[in-house]
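Read the structure below first, then the notes.
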Amino acid sequence: MSKKISRRSFLRILGAGSVATAATLVGCNSAKDSSETDEYQNQVEPPKDKMSYRTNPKTQDKVSLLGYGMMRLPTIKEGEQEKIDQEQVNKLVDYAIEHGVNYFDTAPVYCMGGSEAATGIALHRYPRDKYFVATKLSNFDPASQTREGSIEMYRNSMKYLQVDYIDYYLLHALGGGMDAFRQRYIDNGVLEFLMEERKAGRIRNLGFSYHGDREVFDYLLAENDKYQWDFVQVQLNYLDWDNAKESSPGNTEARYLYEELQSRGIPSVVMEPLLGGRLAKLPKYLVKELKQRDPQKSVASWAFRFAGSLEGVLTVLSGMTYMEHLKDNLLSYCPLESLTEEDKEFLYGIATKMLEVKTIPCNDCDYCMPCPYGLDIPAHFVYYNKCLNDGVLPQNPDDEDYVKYRRQFLLGYDRAIPKLRQANHCIVCGECVPECPQSINIPQELAKIDEFVEKLKQEM
């Protein structure tokens, strides 16, 4: 399956246009719900000078175990559009650095093109040796897959980030099959070019990020003597550890990816430790189990401690939109309190119970956006999953609370998603399908939600 991000002409705009143009296309924050507010109500300040660090065995970089993922940056309204709230980004970055975070991960396609520039503005206020910056070659669009287009994207990243070298550079989101990999990086000579850039010192560490089945992953590790991967970024969490085929269809079990990297001494960078927030928004009865085991720990902290407890993990990325998220994650890693084997078995049990709840495996990454017909695709899945996890999805007409839940669901649906962006406007064009890292059949799931909504309306 080819990964051609149809953020339509976006990459062409980004390649040829200005930072200001790209920055007006953003829209990357996630709204907080009441359960999150309750979770952080009695939040304490994380300590300073307590960050846990890992040493990169190849470069001896001392990397903070918490890495800042610059994918879900805060936004503000400007007329009819949203733009990145640079002032708030600066505050978050300042607080993170003050508490020991030194790894910042971005990409040309994050926040609809505005993330690299916003990251560069925030970090450029600090000495260059104060932070490590990671970005990616997101050459999904056919126009950017030429040698010239890919090299232009690489050089634009340096320009937007305001740096003359990149600490950690990745081939972005491999795993869509060997044909797509060869088209993006081999046939055009781009991987060879990047290896030369590493020799020249403009790339300090070269790696790749991975979503998908094992084919390309196994090939790249088998050819490690040739490519000399400095690190690899993988989706890793306690739900995907042994259950990726069920929890994240189309992906590979995290245990396999991690153990293969460990066997070759290649550091792992962890993405999706919370599965786009799914592991912070568990069903209430599972939240109760976690709180009974340790009332002081947040639900999200269990997932972060799981990832951080693994030897060979260089850093764990989190897309932190709000200060509460940042503080909670800092509390998990300042310092890390490693999980025991008993703790891990407990989490595997939680994962098994999660699989019984048939949520839509959306990570709210926005890779499917923008929809050419205006739908807010992730909002549908986030809202549906929340109702399911909270036990208020109106499924059984014999339930004594069914009428109440039905009314709440329909009212909440209209509040969460404007009518012109709702599922009944999907024309099944399919442009979103190849963009989804979790291989969700998006039109099919939207059709199910639309049918469900219409059924509830008719009953009213």
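Following the order of the structure tokens, chains are lettered A, B, ..., residues in each are numbered from 1, and ligands are numbered from 1.
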
Tell me, as a VMD selection string, which residues lie within 10 Å of range 401-412 of chain A, counting only C-alpha atoms; anything in the same chain fewer than 2 positions away does not count.
chain A and resid 383 to 384 387 391 to 399 414 to 417 453 to 454 456 to 457 459 to 460

How would the residues just picked look written out with N, CA, C and O atoms as a JSON list (two decimals), in the first residue's frame?
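New file again25.json:
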[["chain", "number", "residue", "atom", "x", "y", "z"],
["A", 383, "TYR", "N", -15.22, 10.70, 19.59],
["A", 383, "TYR", "CA", -16.48, 10.83, 20.31],
["A", 383, "TYR", "C", -17.12, 9.45, 20.54],
["A", 383, "TYR", "O", -17.58, 9.14, 21.65],
["A", 384, "TYR", "N", -17.16, 8.64, 19.50],
["A", 384, "TYR", "CA", -17.76, 7.30, 19.61],
["A", 384, "TYR", "C", -17.02, 6.47, 20.66],
["A", 384, "TYR", "O", -17.64, 5.84, 21.52],
["A", 387, "CYS", "N", -17.77, 7.59, 24.31],
["A", 387, "CYS", "CA", -19.08, 7.12, 24.78],
["A", 387, "CYS", "C", -19.04, 5.63, 25.10],
["A", 387, "CYS", "O", -19.61, 5.18, 26.11],
["A", 391, "GLY", "N", -19.27, 3.85, 28.96],
["A", 391, "GLY", "CA", -20.45, 3.02, 29.22],
["A", 391, "GLY", "C", -21.76, 3.72, 28.98],
["A", 391, "GLY", "O", -22.79, 3.34, 29.56],
["A", 392, "VAL", "N", -21.75, 4.78, 28.13],
["A", 392, "VAL", "CA", -22.98, 5.53, 27.89],
["A", 392, "VAL", "C", -23.40, 5.47, 26.42],
["A", 392, "VAL", "O", -24.21, 6.29, 25.97],
["A", 393, "LEU", "N", -22.87, 4.51, 25.66],
["A", 393, "LEU", "CA", -23.28, 4.34, 24.27],
["A", 393, "LEU", "C", -24.65, 3.66, 24.26],
["A", 393, "LEU", "O", -24.81, 2.59, 24.86],
["A", 394, "PRO", "N", -25.65, 4.24, 23.62],
["A", 394, "PRO", "CA", -27.00, 3.66, 23.63],
["A", 394, "PRO", "C", -27.10, 2.45, 22.71],
["A", 394, "PRO", "O", -27.43, 2.58, 21.53],
["A", 395, "GLN", "N", -26.81, 1.28, 23.25],
["A", 395, "GLN", "CA", -26.77, 0.07, 22.43],
["A", 395, "GLN", "C", -27.96, -0.85, 22.64],
["A", 395, "GLN", "O", -28.45, -1.47, 21.70],
["A", 396, "ASN", "N", -28.42, -0.95, 23.88],
["A", 396, "ASN", "CA", -29.46, -1.92, 24.21],
["A", 396, "ASN", "C", -30.75, -1.20, 24.59],
["A", 396, "ASN", "O", -30.84, -0.58, 25.65],
["A", 397, "PRO", "N", -31.80, -1.28, 23.75],
["A", 397, "PRO", "CA", -33.06, -0.60, 24.06],
["A", 397, "PRO", "C", -33.71, -1.08, 25.36],
["A", 397, "PRO", "O", -34.56, -0.37, 25.92],
["A", 398, "ASP", "N", -33.31, -2.25, 25.83],
["A", 398, "ASP", "CA", -33.88, -2.76, 27.08],
["A", 398, "ASP", "C", -33.20, -2.17, 28.31],
["A", 398, "ASP", "O", -33.67, -2.38, 29.44],
["A", 399, "ASP", "N", -32.09, -1.46, 28.09],
["A", 399, "ASP", "CA", -31.38, -0.83, 29.21],
["A", 399, "ASP", "C", -32.26, 0.28, 29.79],
["A", 399, "ASP", "O", -32.83, 1.10, 29.06],
["A", 414, "ASP", "N", -23.80, 16.41, 18.00],
["A", 414, "ASP", "CA", -23.91, 17.71, 17.33],
["A", 414, "ASP", "C", -22.98, 18.75, 17.94],
["A", 414, "ASP", "O", -22.52, 19.67, 17.27],
["A", 415, "ARG", "N", -22.70, 18.63, 19.24],
["A", 415, "ARG", "CA", -21.76, 19.56, 19.88],
["A", 415, "ARG", "C", -20.32, 19.25, 19.47],
["A", 415, "ARG", "O", -19.51, 20.16, 19.28],
["A", 416, "ALA", "N", -20.00, 17.98, 19.36],
["A", 416, "ALA", "CA", -18.62, 17.58, 19.07],
["A", 416, "ALA", "C", -18.26, 17.81, 17.61],
["A", 416, "ALA", "O", -17.10, 18.11, 17.29],
["A", 417, "ILE", "N", -19.25, 17.68, 16.72],
["A", 417, "ILE", "CA", -18.97, 17.76, 15.28],
["A", 417, "ILE", "C", -20.03, 18.62, 14.60],
["A", 417, "ILE", "O", -21.21, 18.27, 14.62],
["A", 453, "VAL", "N", -26.35, 6.82, 14.03],
["A", 453, "VAL", "CA", -26.96, 8.10, 14.36],
["A", 453, "VAL", "C", -28.38, 8.18, 13.79],
["A", 453, "VAL", "O", -29.32, 8.62, 14.46],
["A", 454, "GLU", "N", -28.53, 7.76, 12.52],
["A", 454, "GLU", "CA", -29.85, 7.82, 11.89],
["A", 454, "GLU", "C", -30.85, 6.92, 12.61],
["A", 454, "GLU", "O", -32.02, 7.27, 12.77],
["A", 456, "LEU", "N", -30.83, 6.15, 15.80],
["A", 456, "LEU", "CA", -31.21, 6.82, 17.05],
["A", 456, "LEU", "C", -32.18, 7.96, 16.79],
["A", 456, "LEU", "O", -33.14, 8.18, 17.56],
["A", 457, "LYS", "N", -31.98, 8.71, 15.69],
["A", 457, "LYS", "CA", -32.86, 9.82, 15.36],
["A", 457, "LYS", "C", -34.26, 9.32, 15.05],
["A", 457, "LYS", "O", -35.27, 9.93, 15.46],
["A", 459, "GLU", "N", -35.69, 6.66, 16.13],
["A", 459, "GLU", "CA", -36.32, 6.22, 17.38],
["A", 459, "GLU", "C", -36.87, 7.39, 18.17],
["A", 459, "GLU", "O", -37.84, 7.25, 18.92],
["A", 460, "MET", "N", -36.22, 8.55, 18.02],
["A", 460, "MET", "CA", -36.70, 9.74, 18.74],
["A", 460, "MET", "C", -38.09, 10.14, 18.24],
["A", 460, "MET", "O", -38.85, 10.76, 18.96]]

As a ChimeraX atom specification, please: the residues near Asp376 in chain A (cut-off 10 Å, only C-alpha atoms, same-chain neighbours under 2 positions excluded).
/A:366,368-371,373-374,378-381,416-418,420-423

Please produce a file of those selected residues containing C-alpha atoms, as a short mmCIF file (atom, residue, chain, number, x, y, z; two decimals), in the first residue's frame.
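Okay, this is what ended up in again.cif:
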data_model
loop_
_atom_site.label_atom_id
_atom_site.label_comp_id
_atom_site.auth_asym_id
_atom_site.auth_seq_id
_atom_site.Cartn_x
_atom_site.Cartn_y
_atom_site.Cartn_z
CA ASP A 366 -4.93 13.64 11.79
CA CYS A 368 -6.43 11.46 7.26
CA MET A 369 -7.05 15.21 7.31
CA PRO A 370 -8.03 17.46 5.69
CA CYS A 371 -11.00 15.65 4.16
CA TYR A 373 -15.38 17.21 1.57
CA GLY A 374 -14.96 18.88 4.95
CA PRO A 378 -10.99 11.86 13.84
CA ALA A 379 -13.68 13.69 15.85
CA HIS A 380 -16.20 10.97 14.95
CA PHE A 381 -14.00 8.17 16.24
CA ALA A 416 -18.62 17.58 19.07
CA ILE A 417 -18.97 17.76 15.28
CA PRO A 418 -20.64 20.58 13.29
CA LEU A 420 -21.67 20.05 7.82
CA ARG A 421 -18.69 17.96 8.99
CA GLN A 422 -20.68 14.90 10.07
CA ALA A 423 -20.51 11.38 8.67
#

Would you please work out which residue, of A:Arg264, A:Lys159, A:Lys448, A:Arg198, is nearest to Leu220 in chain A when using only C-alpha atoms?
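Going through A:Arg264, A:Lys159, A:Lys448, A:Arg198 one by one, the smallest distance to Leu220 in chain A is for A:Arg264.
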
Proximity to Gly319 in chain A - best of A:Ile97, A:Leu275, A:Ile76, A:Leu236, only C-alpha atoms:
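Using only C-alpha atoms, Gly319 in chain A sits closest to A:Leu275.
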
With distances taken over only C-alpha atoms, which of A:Val287, A:Leu73, A:Met354, A:Leu170 is nearest to Val234 in chain A?
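The closest residue to Val234 in chain A is A:Leu170.
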